[in-house]
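**Student:** What follows is the file structure-v9.cif, containing mmCIF, N, CA, C and O atoms:
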```cif
data_upload
loop_
_atom_site.label_atom_id
_atom_site.label_comp_id
_atom_site.auth_asym_id
_atom_site.auth_seq_id
_atom_site.Cartn_x
_atom_site.Cartn_y
_atom_site.Cartn_z
N MET A 36 109.99 106.34 -33.24
CA MET A 36 109.01 107.38 -33.43
C MET A 36 108.59 108.01 -32.10
O MET A 36 108.42 109.19 -32.01
N ARG A 37 108.43 107.19 -31.08
CA ARG A 37 108.00 107.68 -29.77
C ARG A 37 108.83 107.05 -28.68
O ARG A 37 109.44 106.01 -28.86
N ASP A 38 108.79 107.69 -27.52
CA ASP A 38 109.42 107.09 -26.35
C ASP A 38 108.51 106.00 -25.82
O ASP A 38 107.29 106.09 -25.90
N LYS A 39 109.12 105.00 -25.23
CA LYS A 39 108.34 103.93 -24.62
C LYS A 39 107.71 104.45 -23.34
O LYS A 39 108.39 105.00 -22.49
N GLU A 40 106.42 104.31 -23.22
CA GLU A 40 105.74 104.73 -22.01
C GLU A 40 104.63 103.75 -21.73
O GLU A 40 104.15 103.05 -22.61
N HIS A 41 104.24 103.70 -20.48
CA HIS A 41 103.18 102.79 -20.08
C HIS A 41 101.82 103.29 -20.59
O HIS A 41 101.59 104.49 -20.67
N ILE A 42 100.96 102.34 -20.92
CA ILE A 42 99.59 102.67 -21.27
C ILE A 42 98.79 102.59 -19.98
O ILE A 42 98.75 101.54 -19.33
N ARG A 43 98.16 103.67 -19.63
CA ARG A 43 97.42 103.72 -18.36
C ARG A 43 95.92 103.68 -18.64
O ARG A 43 95.39 104.49 -19.37
N LYS A 44 95.28 102.69 -18.06
CA LYS A 44 93.82 102.54 -18.11
C LYS A 44 93.29 102.68 -16.69
O LYS A 44 94.06 102.75 -15.73
N SER A 45 91.99 102.66 -16.52
CA SER A 45 91.42 102.84 -15.19
C SER A 45 91.73 101.67 -14.26
O SER A 45 91.77 101.83 -13.05
N HIS A 46 92.01 100.50 -14.83
CA HIS A 46 92.21 99.31 -14.00
C HIS A 46 93.58 98.66 -14.15
O HIS A 46 93.87 97.68 -13.49
N ASN A 47 94.44 99.18 -15.03
CA ASN A 47 95.77 98.58 -15.16
C ASN A 47 96.76 99.54 -15.82
O ASN A 47 96.37 100.56 -16.38
N VAL A 48 98.02 99.16 -15.72
CA VAL A 48 99.11 99.87 -16.38
C VAL A 48 99.92 98.81 -17.11
O VAL A 48 100.34 97.83 -16.52
N THR A 49 100.12 99.01 -18.41
CA THR A 49 100.83 97.98 -19.19
C THR A 49 101.89 98.59 -20.09
O THR A 49 101.84 99.77 -20.43
N MET A 50 102.81 97.74 -20.47
CA MET A 50 103.77 98.06 -21.51
C MET A 50 104.05 96.76 -22.28
O MET A 50 104.91 95.97 -21.89
N LEU A 51 103.28 96.53 -23.31
CA LEU A 51 103.45 95.36 -24.15
C LEU A 51 104.12 95.80 -25.44
O LEU A 51 103.55 96.58 -26.21
N LEU A 52 105.34 95.32 -25.67
CA LEU A 52 106.09 95.69 -26.86
C LEU A 52 106.26 94.47 -27.75
O LEU A 52 106.59 93.38 -27.26
N TYR A 53 106.06 94.66 -29.03
CA TYR A 53 106.21 93.57 -30.00
C TYR A 53 107.15 94.03 -31.11
O TYR A 53 107.00 95.12 -31.65
N HIS A 54 108.09 93.17 -31.44
CA HIS A 54 108.96 93.41 -32.59
C HIS A 54 108.42 92.54 -33.71
O HIS A 54 108.46 91.31 -33.63
N ILE A 55 107.92 93.17 -34.74
CA ILE A 55 107.28 92.46 -35.85
C ILE A 55 108.09 92.69 -37.10
O ILE A 55 108.42 93.83 -37.45
N VAL A 56 108.42 91.61 -37.81
CA VAL A 56 109.14 91.69 -39.07
C VAL A 56 108.24 91.12 -40.15
O VAL A 56 107.80 89.98 -40.05
N LEU A 57 107.96 91.94 -41.16
CA LEU A 57 107.09 91.51 -42.25
C LEU A 57 107.85 91.59 -43.57
O LEU A 57 108.23 92.68 -44.00
N PRO A 58 108.07 90.45 -44.22
CA PRO A 58 108.76 90.48 -45.52
C PRO A 58 107.79 90.86 -46.64
O PRO A 58 106.58 90.66 -46.53
N ALA A 59 108.35 91.38 -47.70
CA ALA A 59 107.56 91.64 -48.91
C ALA A 59 107.29 90.30 -49.59
O ALA A 59 107.98 89.30 -49.35
N ARG A 60 106.29 90.27 -50.42
CA ARG A 60 105.95 89.04 -51.14
C ARG A 60 107.16 88.56 -51.93
O ARG A 60 107.81 89.34 -52.63
N TYR A 61 107.48 87.31 -51.81
CA TYR A 61 108.61 86.64 -52.47
C TYR A 61 109.95 87.30 -52.12
O TYR A 61 110.93 87.13 -52.83
N ARG A 62 109.99 88.05 -51.03
CA ARG A 62 111.19 88.77 -50.58
C ARG A 62 111.75 89.69 -51.68
O ARG A 62 112.95 89.95 -51.75
N LYS A 63 110.87 90.21 -52.51
CA LYS A 63 111.29 91.14 -53.57
C LYS A 63 111.59 92.50 -52.95
O LYS A 63 111.04 92.87 -51.92
N GLU A 64 112.45 93.25 -53.59
CA GLU A 64 112.89 94.54 -53.07
C GLU A 64 111.91 95.63 -53.51
O GLU A 64 112.13 96.34 -54.49
N VAL A 65 110.82 95.78 -52.75
CA VAL A 65 109.77 96.73 -53.11
C VAL A 65 109.74 97.96 -52.21
O VAL A 65 109.05 98.93 -52.54
N PHE A 66 110.44 97.98 -51.10
CA PHE A 66 110.36 99.09 -50.16
C PHE A 66 111.34 100.19 -50.55
O PHE A 66 112.39 100.38 -49.94
N THR A 67 110.96 100.95 -51.58
CA THR A 67 111.74 102.13 -51.99
C THR A 67 111.44 103.26 -51.01
O THR A 67 110.60 103.13 -50.12
N LYS A 68 112.09 104.38 -51.20
CA LYS A 68 111.86 105.53 -50.30
C LYS A 68 110.42 106.00 -50.38
O LYS A 68 109.80 106.28 -49.35
N ASP A 69 109.85 106.07 -51.57
CA ASP A 69 108.46 106.51 -51.72
C ASP A 69 107.49 105.55 -51.04
O ASP A 69 106.55 105.97 -50.36
N VAL A 70 107.72 104.26 -51.21
CA VAL A 70 106.85 103.26 -50.60
C VAL A 70 106.99 103.33 -49.08
O VAL A 70 106.00 103.26 -48.35
N PHE A 71 108.21 103.50 -48.59
CA PHE A 71 108.43 103.58 -47.15
C PHE A 71 107.78 104.84 -46.56
O PHE A 71 107.20 104.79 -45.48
N ASP A 72 107.83 105.95 -47.30
CA ASP A 72 107.16 107.17 -46.83
C ASP A 72 105.65 106.96 -46.72
O ASP A 72 105.01 107.43 -45.77
N THR A 73 105.08 106.25 -47.69
CA THR A 73 103.65 105.93 -47.64
C THR A 73 103.36 105.03 -46.44
O THR A 73 102.35 105.21 -45.75
N LEU A 74 104.25 104.09 -46.17
CA LEU A 74 104.10 103.19 -45.03
C LEU A 74 104.10 103.97 -43.72
O LEU A 74 103.25 103.74 -42.85
N ILE A 75 105.00 104.91 -43.57
CA ILE A 75 105.08 105.73 -42.35
C ILE A 75 103.79 106.53 -42.16
O ILE A 75 103.22 106.56 -41.07
N ALA A 76 103.32 107.17 -43.22
CA ALA A 76 102.09 107.97 -43.13
C ALA A 76 100.89 107.09 -42.78
O ALA A 76 100.05 107.49 -41.96
N THR A 77 100.83 105.90 -43.35
CA THR A 77 99.74 104.98 -43.06
C THR A 77 99.79 104.53 -41.60
O THR A 77 98.74 104.44 -40.94
N CYS A 78 100.97 104.25 -41.09
CA CYS A 78 101.10 103.83 -39.69
C CYS A 78 100.68 104.95 -38.75
O CYS A 78 100.10 104.69 -37.69
N GLN A 79 100.95 106.18 -39.10
CA GLN A 79 100.51 107.31 -38.27
C GLN A 79 98.98 107.37 -38.25
O GLN A 79 98.39 107.67 -37.21
N ASN A 80 98.34 107.05 -39.36
CA ASN A 80 96.87 107.02 -39.39
C ASN A 80 96.32 105.84 -38.59
O ASN A 80 95.27 105.96 -37.97
N ILE A 81 97.02 104.72 -38.61
CA ILE A 81 96.59 103.56 -37.83
C ILE A 81 96.61 103.90 -36.34
O ILE A 81 95.71 103.51 -35.60
N GLU A 82 97.63 104.62 -35.90
CA GLU A 82 97.72 105.02 -34.49
C GLU A 82 96.50 105.82 -34.06
O GLU A 82 96.04 105.69 -32.92
N LYS A 83 95.96 106.62 -34.94
CA LYS A 83 94.81 107.45 -34.60
C LYS A 83 93.54 106.63 -34.44
O LYS A 83 92.69 106.96 -33.64
N GLY A 84 93.42 105.55 -35.22
CA GLY A 84 92.18 104.78 -35.22
C GLY A 84 92.17 103.56 -34.33
O GLY A 84 91.10 103.02 -34.03
N TYR A 85 93.34 103.09 -33.91
CA TYR A 85 93.45 101.88 -33.10
C TYR A 85 94.34 102.17 -31.91
O TYR A 85 95.11 103.12 -31.92
N GLU A 86 94.27 101.33 -30.90
CA GLU A 86 95.14 101.51 -29.74
C GLU A 86 96.46 100.78 -29.97
O GLU A 86 96.84 99.87 -29.25
N ILE A 87 97.14 101.21 -31.01
CA ILE A 87 98.44 100.67 -31.39
C ILE A 87 99.38 101.86 -31.53
O ILE A 87 99.03 102.85 -32.15
N MET A 88 100.58 101.77 -30.94
CA MET A 88 101.57 102.83 -31.10
C MET A 88 102.80 102.24 -31.76
O MET A 88 103.31 101.19 -31.34
N PHE A 89 103.28 102.91 -32.79
CA PHE A 89 104.50 102.50 -33.48
C PHE A 89 105.65 103.25 -32.85
O PHE A 89 105.77 104.47 -32.99
N LEU A 90 106.50 102.54 -32.13
CA LEU A 90 107.65 103.18 -31.48
C LEU A 90 108.79 103.36 -32.46
O LEU A 90 109.51 104.36 -32.40
N GLU A 91 108.98 102.37 -33.33
CA GLU A 91 110.03 102.45 -34.36
C GLU A 91 109.56 101.70 -35.59
O GLU A 91 108.88 100.69 -35.49
N ILE A 92 109.96 102.21 -36.75
CA ILE A 92 109.70 101.54 -38.01
C ILE A 92 110.99 101.61 -38.81
O ILE A 92 111.56 102.68 -38.99
N GLY A 93 111.47 100.46 -39.26
CA GLY A 93 112.68 100.40 -40.05
C GLY A 93 112.48 99.47 -41.22
O GLY A 93 111.54 98.68 -41.23
N ASN A 94 113.36 99.57 -42.20
CA ASN A 94 113.20 98.69 -43.35
C ASN A 94 114.51 98.42 -44.06
O ASN A 94 115.48 99.15 -43.92
N ASP A 95 114.51 97.33 -44.78
CA ASP A 95 115.45 97.07 -45.85
C ASP A 95 114.58 97.05 -47.09
O ASP A 95 113.36 97.22 -47.00
N GLU A 96 115.14 96.80 -48.24
CA GLU A 96 114.32 96.84 -49.44
C GLU A 96 113.35 95.67 -49.55
O GLU A 96 112.38 95.74 -50.28
N ASP A 97 113.60 94.58 -48.80
CA ASP A 97 112.73 93.41 -48.94
C ASP A 97 111.92 93.07 -47.69
O ASP A 97 111.19 92.09 -47.69
N HIS A 98 112.04 93.85 -46.63
CA HIS A 98 111.24 93.62 -45.43
C HIS A 98 111.17 94.89 -44.58
O HIS A 98 111.92 95.83 -44.80
N VAL A 99 110.24 94.87 -43.64
CA VAL A 99 110.05 96.03 -42.77
C VAL A 99 109.96 95.55 -41.32
O VAL A 99 109.46 94.46 -41.05
N HIS A 100 110.51 96.34 -40.39
CA HIS A 100 110.50 96.04 -38.95
C HIS A 100 109.60 97.06 -38.26
O HIS A 100 109.68 98.25 -38.55
N PHE A 101 108.80 96.58 -37.33
CA PHE A 101 107.98 97.45 -36.51
C PHE A 101 108.26 97.14 -35.05
O PHE A 101 108.30 95.98 -34.66
N MET A 102 108.43 98.16 -34.23
CA MET A 102 108.40 98.02 -32.78
C MET A 102 107.07 98.65 -32.39
O MET A 102 106.88 99.84 -32.52
N VAL A 103 106.16 97.78 -31.94
CA VAL A 103 104.78 98.19 -31.71
C VAL A 103 104.42 98.01 -30.25
O VAL A 103 104.81 97.02 -29.62
N GLN A 104 103.68 98.97 -29.72
CA GLN A 104 103.15 98.85 -28.36
C GLN A 104 101.66 98.65 -28.47
O GLN A 104 100.97 99.40 -29.17
N GLY A 105 101.16 97.61 -27.82
CA GLY A 105 99.74 97.30 -27.87
C GLY A 105 99.12 97.25 -26.49
O GLY A 105 99.78 97.54 -25.49
N ILE A 106 97.85 96.89 -26.46
CA ILE A 106 97.12 96.78 -25.21
C ILE A 106 96.79 95.31 -24.95
O ILE A 106 96.74 94.52 -25.88
N PRO A 107 96.55 94.92 -23.70
CA PRO A 107 96.32 93.51 -23.37
C PRO A 107 95.08 92.90 -24.03
O PRO A 107 95.05 91.71 -24.26
N THR A 108 94.08 93.70 -24.35
CA THR A 108 92.86 93.14 -24.93
C THR A 108 92.98 92.88 -26.43
O THR A 108 92.08 92.29 -27.02
N MET A 109 94.09 93.29 -27.04
CA MET A 109 94.29 93.07 -28.46
C MET A 109 95.40 92.04 -28.66
O MET A 109 96.53 92.24 -28.20
N SER A 110 95.09 90.95 -29.34
CA SER A 110 96.08 89.90 -29.55
C SER A 110 97.13 90.34 -30.57
O SER A 110 96.90 91.26 -31.37
N VAL A 111 98.25 89.65 -30.54
CA VAL A 111 99.33 89.94 -31.49
C VAL A 111 98.84 89.70 -32.92
O VAL A 111 99.12 90.50 -33.82
N SER A 112 98.09 88.63 -33.12
CA SER A 112 97.59 88.34 -34.47
C SER A 112 96.63 89.44 -34.95
O SER A 112 96.64 89.79 -36.13
N ALA A 113 95.84 90.01 -34.06
CA ALA A 113 94.96 91.11 -34.44
C ALA A 113 95.77 92.35 -34.83
O ALA A 113 95.44 93.03 -35.80
N ILE A 114 96.82 92.62 -34.08
CA ILE A 114 97.69 93.76 -34.40
C ILE A 114 98.32 93.57 -35.76
O ILE A 114 98.32 94.49 -36.60
N ILE A 115 98.85 92.39 -36.02
CA ILE A 115 99.49 92.12 -37.31
C ILE A 115 98.47 92.20 -38.44
O ILE A 115 98.75 92.77 -39.49
N ARG A 116 97.28 91.66 -38.22
CA ARG A 116 96.24 91.71 -39.25
C ARG A 116 95.88 93.16 -39.59
O ARG A 116 95.76 93.52 -40.77
N ILE A 117 95.74 94.00 -38.58
CA ILE A 117 95.43 95.41 -38.81
C ILE A 117 96.55 96.09 -39.60
O ILE A 117 96.30 96.77 -40.60
N ILE A 118 97.78 95.89 -39.16
CA ILE A 118 98.93 96.53 -39.82
C ILE A 118 99.03 96.06 -41.27
O ILE A 118 99.15 96.88 -42.19
N LYS A 119 99.00 94.75 -41.49
CA LYS A 119 99.18 94.24 -42.84
C LYS A 119 98.06 94.66 -43.77
O LYS A 119 98.31 95.07 -44.91
N SER A 120 96.82 94.57 -43.32
CA SER A 120 95.72 94.87 -44.24
C SER A 120 95.67 96.35 -44.62
O SER A 120 95.51 96.69 -45.79
N ILE A 121 95.84 97.22 -43.65
CA ILE A 121 95.73 98.66 -43.94
C ILE A 121 96.94 99.15 -44.72
O ILE A 121 96.79 99.89 -45.71
N THR A 122 98.14 98.76 -44.32
CA THR A 122 99.33 99.25 -45.03
C THR A 122 99.39 98.69 -46.46
O THR A 122 99.75 99.42 -47.38
N THR A 123 99.04 97.44 -46.63
CA THR A 123 99.07 96.86 -47.98
C THR A 123 98.08 97.58 -48.89
O THR A 123 98.41 97.90 -50.04
N THR A 124 96.89 97.84 -48.39
CA THR A 124 95.88 98.53 -49.20
C THR A 124 96.36 99.91 -49.61
O THR A 124 96.27 100.28 -50.78
N GLU A 125 96.90 100.66 -48.66
CA GLU A 125 97.35 102.02 -48.97
C GLU A 125 98.54 102.03 -49.93
O GLU A 125 98.59 102.82 -50.86
N ILE A 126 99.50 101.13 -49.69
CA ILE A 126 100.67 101.08 -50.57
C ILE A 126 100.27 100.67 -51.98
O ILE A 126 100.73 101.25 -52.96
N MET A 127 99.40 99.69 -52.10
CA MET A 127 98.98 99.26 -53.43
C MET A 127 98.15 100.33 -54.13
O MET A 127 98.23 100.48 -55.35
N ASN A 128 97.36 101.10 -53.39
CA ASN A 128 96.59 102.19 -54.00
C ASN A 128 97.50 103.27 -54.58
O ASN A 128 97.20 103.83 -55.62
N LYS A 129 98.62 103.54 -53.93
CA LYS A 129 99.49 104.62 -54.36
C LYS A 129 100.65 104.18 -55.25
O LYS A 129 101.18 104.99 -56.01
N HIS A 130 101.07 102.91 -55.14
CA HIS A 130 102.28 102.47 -55.85
C HIS A 130 102.07 101.16 -56.62
O HIS A 130 102.99 100.38 -56.79
N ARG A 131 100.85 100.91 -57.08
CA ARG A 131 100.50 99.63 -57.71
C ARG A 131 101.42 99.27 -58.88
O ARG A 131 101.96 98.17 -58.94
N MET A 132 101.61 100.16 -59.82
CA MET A 132 102.40 99.84 -61.01
C MET A 132 103.86 99.58 -60.65
O MET A 132 104.47 98.65 -61.16
N GLU A 133 104.41 100.40 -59.79
CA GLU A 133 105.80 100.23 -59.37
C GLU A 133 106.02 98.86 -58.70
O GLU A 133 106.98 98.16 -59.00
N ILE A 134 105.10 98.46 -57.83
CA ILE A 134 105.25 97.20 -57.11
C ILE A 134 105.00 96.02 -58.03
O ILE A 134 105.72 95.01 -57.97
N LYS A 135 104.02 96.11 -58.91
CA LYS A 135 103.73 94.99 -59.83
C LYS A 135 104.93 94.72 -60.72
O LYS A 135 105.23 93.58 -61.03
N GLN A 136 105.62 95.76 -61.15
CA GLN A 136 106.81 95.57 -61.98
C GLN A 136 107.91 94.86 -61.20
O GLN A 136 108.61 94.00 -61.73
N LYS A 137 108.06 95.17 -59.93
CA LYS A 137 109.12 94.55 -59.13
C LYS A 137 108.78 93.12 -58.73
O LYS A 137 109.66 92.32 -58.46
N LEU A 138 107.49 92.79 -58.69
CA LEU A 138 107.09 91.43 -58.31
C LEU A 138 107.17 90.45 -59.47
O LEU A 138 106.99 89.26 -59.29
N ARG A 139 107.44 90.92 -60.66
CA ARG A 139 107.55 90.01 -61.81
C ARG A 139 108.80 89.21 -61.76
O ARG A 139 109.77 89.44 -61.24
#
```
Transcribe the structure of this file into structure tokens.
**Tutor:**
Amino acid sequence: MRDKEHIRKSHNVTMLLYHIVLPARYRKEVFTKDVFDTLIATCQNIEKGYEIMFLEIGNDEDHVHFMVQGIPTMSVSAIIRIIKSITTTEIMNKHRMEIKQKLR
């Protein structure tokens, strides 16, 4: 999505990159094109509200890959918690019936 660049603050310059792989529940194939499009739009909104940049987002039908750039004051677990909670909420709000059928 973006080129890798350093994050510049008044007291430091950093480039922290994390490759995060998140499987769907029970490794079911829920990441259709519509669900993935919702995921991309949600990640763009996350970038606006948090100091997280999504450099790349990829998927198979049963998992999703993120290349994320963060800041030193935010732990990896905090980044993952933000990504998982917001994306799950948005995807379930828009695709609840489709996903519930696939999770059966």
**Student:** List, as a compact mmCIF listing (two decimals) with N, CA, C and O atoms, in the frame of the given file, every residue that the PyMOL selection byres ((chain A and resi 51) around 8) selects in the file provided.
**Tutor:**
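The file below, result_32.txt, is the result:
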```txt
# COMPACT_ATOMS: atom_id res chain seq x y z
N GLU A 40 106.42 104.31 -23.22
CA GLU A 40 105.74 104.73 -22.01
C GLU A 40 104.63 103.75 -21.73
O GLU A 40 104.15 103.05 -22.61
N HIS A 41 104.24 103.70 -20.48
CA HIS A 41 103.18 102.79 -20.08
C HIS A 41 101.82 103.29 -20.59
O HIS A 41 101.59 104.49 -20.67
N ILE A 42 100.96 102.34 -20.92
CA ILE A 42 99.59 102.67 -21.27
C ILE A 42 98.79 102.59 -19.98
O ILE A 42 98.75 101.54 -19.33
N VAL A 48 98.02 99.16 -15.72
CA VAL A 48 99.11 99.87 -16.38
C VAL A 48 99.92 98.81 -17.11
O VAL A 48 100.34 97.83 -16.52
N THR A 49 100.12 99.01 -18.41
CA THR A 49 100.83 97.98 -19.19
C THR A 49 101.89 98.59 -20.09
O THR A 49 101.84 99.77 -20.43
N MET A 50 102.81 97.74 -20.47
CA MET A 50 103.77 98.06 -21.51
C MET A 50 104.05 96.76 -22.28
O MET A 50 104.91 95.97 -21.89
N LEU A 52 105.34 95.32 -25.67
CA LEU A 52 106.09 95.69 -26.86
C LEU A 52 106.26 94.47 -27.75
O LEU A 52 106.59 93.38 -27.26
N TYR A 53 106.06 94.66 -29.03
CA TYR A 53 106.21 93.57 -30.00
C TYR A 53 107.15 94.03 -31.11
O TYR A 53 107.00 95.12 -31.65
N HIS A 54 108.09 93.17 -31.44
CA HIS A 54 108.96 93.41 -32.59
C HIS A 54 108.42 92.54 -33.71
O HIS A 54 108.46 91.31 -33.63
N MET A 88 100.58 101.77 -30.94
CA MET A 88 101.57 102.83 -31.10
C MET A 88 102.80 102.24 -31.76
O MET A 88 103.31 101.19 -31.34
N MET A 102 108.43 98.16 -34.23
CA MET A 102 108.40 98.02 -32.78
C MET A 102 107.07 98.65 -32.39
O MET A 102 106.88 99.84 -32.52
N VAL A 103 106.16 97.78 -31.94
CA VAL A 103 104.78 98.19 -31.71
C VAL A 103 104.42 98.01 -30.25
O VAL A 103 104.81 97.02 -29.62
N GLN A 104 103.68 98.97 -29.72
CA GLN A 104 103.15 98.85 -28.36
C GLN A 104 101.66 98.65 -28.47
O GLN A 104 100.97 99.40 -29.17
N GLY A 105 101.16 97.61 -27.82
CA GLY A 105 99.74 97.30 -27.87
C GLY A 105 99.12 97.25 -26.49
O GLY A 105 99.78 97.54 -25.49
N ILE A 106 97.85 96.89 -26.46
CA ILE A 106 97.12 96.78 -25.21
C ILE A 106 96.79 95.31 -24.95
O ILE A 106 96.74 94.52 -25.88
N PRO A 107 96.55 94.92 -23.70
CA PRO A 107 96.32 93.51 -23.37
C PRO A 107 95.08 92.90 -24.03
O PRO A 107 95.05 91.71 -24.26
```
**Student:** Given the PyMOL selection byres (((chain A and resi 137 and name CA) around 8) and name CA) and the file above, list the residues it selects as a VMD selection string.
**Tutor:** chain A and resid 63 to 65 133 to 136 138 to 139
**Student:** Up to 4.5 Å from (106.4, 94.8, -38.2) in the file's coordinates: name the residues, counting all atoms listed in the file, as JSON, numbers by chain.
**Tutor:** {"A": [55, 56, 57, 99, 100, 101]}
**Student:** Quick one, how far is CA of Val111 in chain A from CA of His130 in chain A?
**Tutor:**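 CA of His130 in chain A lies 27.6 Å from CA of Val111 in chain A.
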**Student:** Counting only N, CA, C and O atoms, figure out which residue out of A:Lys129, A:Thr77, A:Thr67, A:Ser112 gets nearest to Asp95 in chain A.
**Tutor:** A:Thr67
**Student:** To test your reading of the syntax: which residues would the PyMOL selection byres (((chain A and resi 72 and name CA) around 12) and name CA) return for the file shown? Reply as a VMD selection string.
**Tutor:** chain A and resid 66 to 71 73 to 79 92 to 94 122 125 to 126 129 to 130
**Student:** Would you give the centre and edge lengths, in Å to one decimal, of a box along x, y and z around the listed atoms of range 92-109 of chain A, with 8 Å added to each side, as AutoDock Vina command-line options?
**Tutor:**
```
--center_x 103.8 --center_y 97.2 --center_z -36.8 --size_x 39.4 --size_y 27.0 --size_z 42.9
```
**Student:** In Å, how far is it from atom C of His98 in chain A to atom O of Arg62 in chain A?
**Tutor:**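 About the pair atom C of His98 in chain A and atom O of Arg62 in chain A: they are 8.9 Å apart.
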**Student:** Rounded to one decimal place, report the CA of His46 in chain A-CA of Ile118 in chain A distance in Å.
**Tutor:** 26.8 Å
**Student:** Would you list, as a PyMOL selection string, the residues of chain A that end up in helix (DSSP H, G or I) under DSSP run on this structure's backbone?
**Tutor:** chain A and resi 60-62+68-84+111-138
**Student:** Among chain A, which residues carry a DSSP assignment of strand (DSSP E or B), reported as a ChimeraX atom specification?
**Tutor:** /A:42-43,48-49,51-58,88-94,98-105
**Student:** Those residues you just picked out, can you put them in a file as a CSV table (one decimal), keeping the file's coordinate frame with N, CA, C and O atoms?
**Tutor:**
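Output below, filename selection-v2.csv:
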```csv
chain,number,residue,atom,x,y,z
A,42,ILE,N,101.0,102.3,-20.9
A,42,ILE,CA,99.6,102.7,-21.3
A,42,ILE,C,98.8,102.6,-20.0
A,42,ILE,O,98.8,101.5,-19.3
A,43,ARG,N,98.2,103.7,-19.6
A,43,ARG,CA,97.4,103.7,-18.4
A,43,ARG,C,95.9,103.7,-18.6
A,43,ARG,O,95.4,104.5,-19.4
A,48,VAL,N,98.0,99.2,-15.7
A,48,VAL,CA,99.1,99.9,-16.4
A,48,VAL,C,99.9,98.8,-17.1
A,48,VAL,O,100.3,97.8,-16.5
A,49,THR,N,100.1,99.0,-18.4
A,49,THR,CA,100.8,98.0,-19.2
A,49,THR,C,101.9,98.6,-20.1
A,49,THR,O,101.8,99.8,-20.4
A,51,LEU,N,103.3,96.5,-23.3
A,51,LEU,CA,103.4,95.4,-24.2
A,51,LEU,C,104.1,95.8,-25.4
A,51,LEU,O,103.6,96.6,-26.2
A,52,LEU,N,105.3,95.3,-25.7
A,52,LEU,CA,106.1,95.7,-26.9
A,52,LEU,C,106.3,94.5,-27.8
A,52,LEU,O,106.6,93.4,-27.3
A,53,TYR,N,106.1,94.7,-29.0
A,53,TYR,CA,106.2,93.6,-30.0
A,53,TYR,C,107.2,94.0,-31.1
A,53,TYR,O,107.0,95.1,-31.6
A,54,HIS,N,108.1,93.2,-31.4
A,54,HIS,CA,109.0,93.4,-32.6
A,54,HIS,C,108.4,92.5,-33.7
A,54,HIS,O,108.5,91.3,-33.6
A,55,ILE,N,107.9,93.2,-34.7
A,55,ILE,CA,107.3,92.5,-35.8
A,55,ILE,C,108.1,92.7,-37.1
A,55,ILE,O,108.4,93.8,-37.4
A,56,VAL,N,108.4,91.6,-37.8
A,56,VAL,CA,109.1,91.7,-39.1
A,56,VAL,C,108.2,91.1,-40.2
A,56,VAL,O,107.8,90.0,-40.0
A,57,LEU,N,108.0,91.9,-41.2
A,57,LEU,CA,107.1,91.5,-42.2
A,57,LEU,C,107.8,91.6,-43.6
A,57,LEU,O,108.2,92.7,-44.0
A,58,PRO,N,108.1,90.4,-44.2
A,58,PRO,CA,108.8,90.5,-45.5
A,58,PRO,C,107.8,90.9,-46.6
A,58,PRO,O,106.6,90.7,-46.5
A,88,MET,N,100.6,101.8,-30.9
A,88,MET,CA,101.6,102.8,-31.1
A,88,MET,C,102.8,102.2,-31.8
A,88,MET,O,103.3,101.2,-31.3
A,89,PHE,N,103.3,102.9,-32.8
A,89,PHE,CA,104.5,102.5,-33.5
A,89,PHE,C,105.6,103.2,-32.8
A,89,PHE,O,105.8,104.5,-33.0
A,90,LEU,N,106.5,102.5,-32.1
A,90,LEU,CA,107.6,103.2,-31.5
A,90,LEU,C,108.8,103.4,-32.5
A,90,LEU,O,109.5,104.4,-32.4
A,91,GLU,N,109.0,102.4,-33.3
A,91,GLU,CA,110.0,102.4,-34.4
A,91,GLU,C,109.6,101.7,-35.6
A,91,GLU,O,108.9,100.7,-35.5
A,92,ILE,N,110.0,102.2,-36.8
A,92,ILE,CA,109.7,101.5,-38.0
A,92,ILE,C,111.0,101.6,-38.8
A,92,ILE,O,111.6,102.7,-39.0
A,93,GLY,N,111.5,100.5,-39.3
A,93,GLY,CA,112.7,100.4,-40.0
A,93,GLY,C,112.5,99.5,-41.2
A,93,GLY,O,111.5,98.7,-41.2
A,94,ASN,N,113.4,99.6,-42.2
A,94,ASN,CA,113.2,98.7,-43.4
A,94,ASN,C,114.5,98.4,-44.1
A,94,ASN,O,115.5,99.2,-43.9
A,98,HIS,N,112.0,93.8,-46.6
A,98,HIS,CA,111.2,93.6,-45.4
A,98,HIS,C,111.2,94.9,-44.6
A,98,HIS,O,111.9,95.8,-44.8
A,99,VAL,N,110.2,94.9,-43.6
A,99,VAL,CA,110.0,96.0,-42.8
A,99,VAL,C,110.0,95.6,-41.3
A,99,VAL,O,109.5,94.5,-41.0
A,100,HIS,N,110.5,96.3,-40.4
A,100,HIS,CA,110.5,96.0,-39.0
A,100,HIS,C,109.6,97.1,-38.3
A,100,HIS,O,109.7,98.2,-38.6
A,101,PHE,N,108.8,96.6,-37.3
A,101,PHE,CA,108.0,97.4,-36.5
A,101,PHE,C,108.3,97.1,-35.0
A,101,PHE,O,108.3,96.0,-34.7
A,102,MET,N,108.4,98.2,-34.2
A,102,MET,CA,108.4,98.0,-32.8
A,102,MET,C,107.1,98.6,-32.4
A,102,MET,O,106.9,99.8,-32.5
A,103,VAL,N,106.2,97.8,-31.9
A,103,VAL,CA,104.8,98.2,-31.7
A,103,VAL,C,104.4,98.0,-30.2
A,103,VAL,O,104.8,97.0,-29.6
A,104,GLN,N,103.7,99.0,-29.7
A,104,GLN,CA,103.2,98.8,-28.4
A,104,GLN,C,101.7,98.6,-28.5
A,104,GLN,O,101.0,99.4,-29.2
A,105,GLY,N,101.2,97.6,-27.8
A,105,GLY,CA,99.7,97.3,-27.9
A,105,GLY,C,99.1,97.2,-26.5
A,105,GLY,O,99.8,97.5,-25.5
```
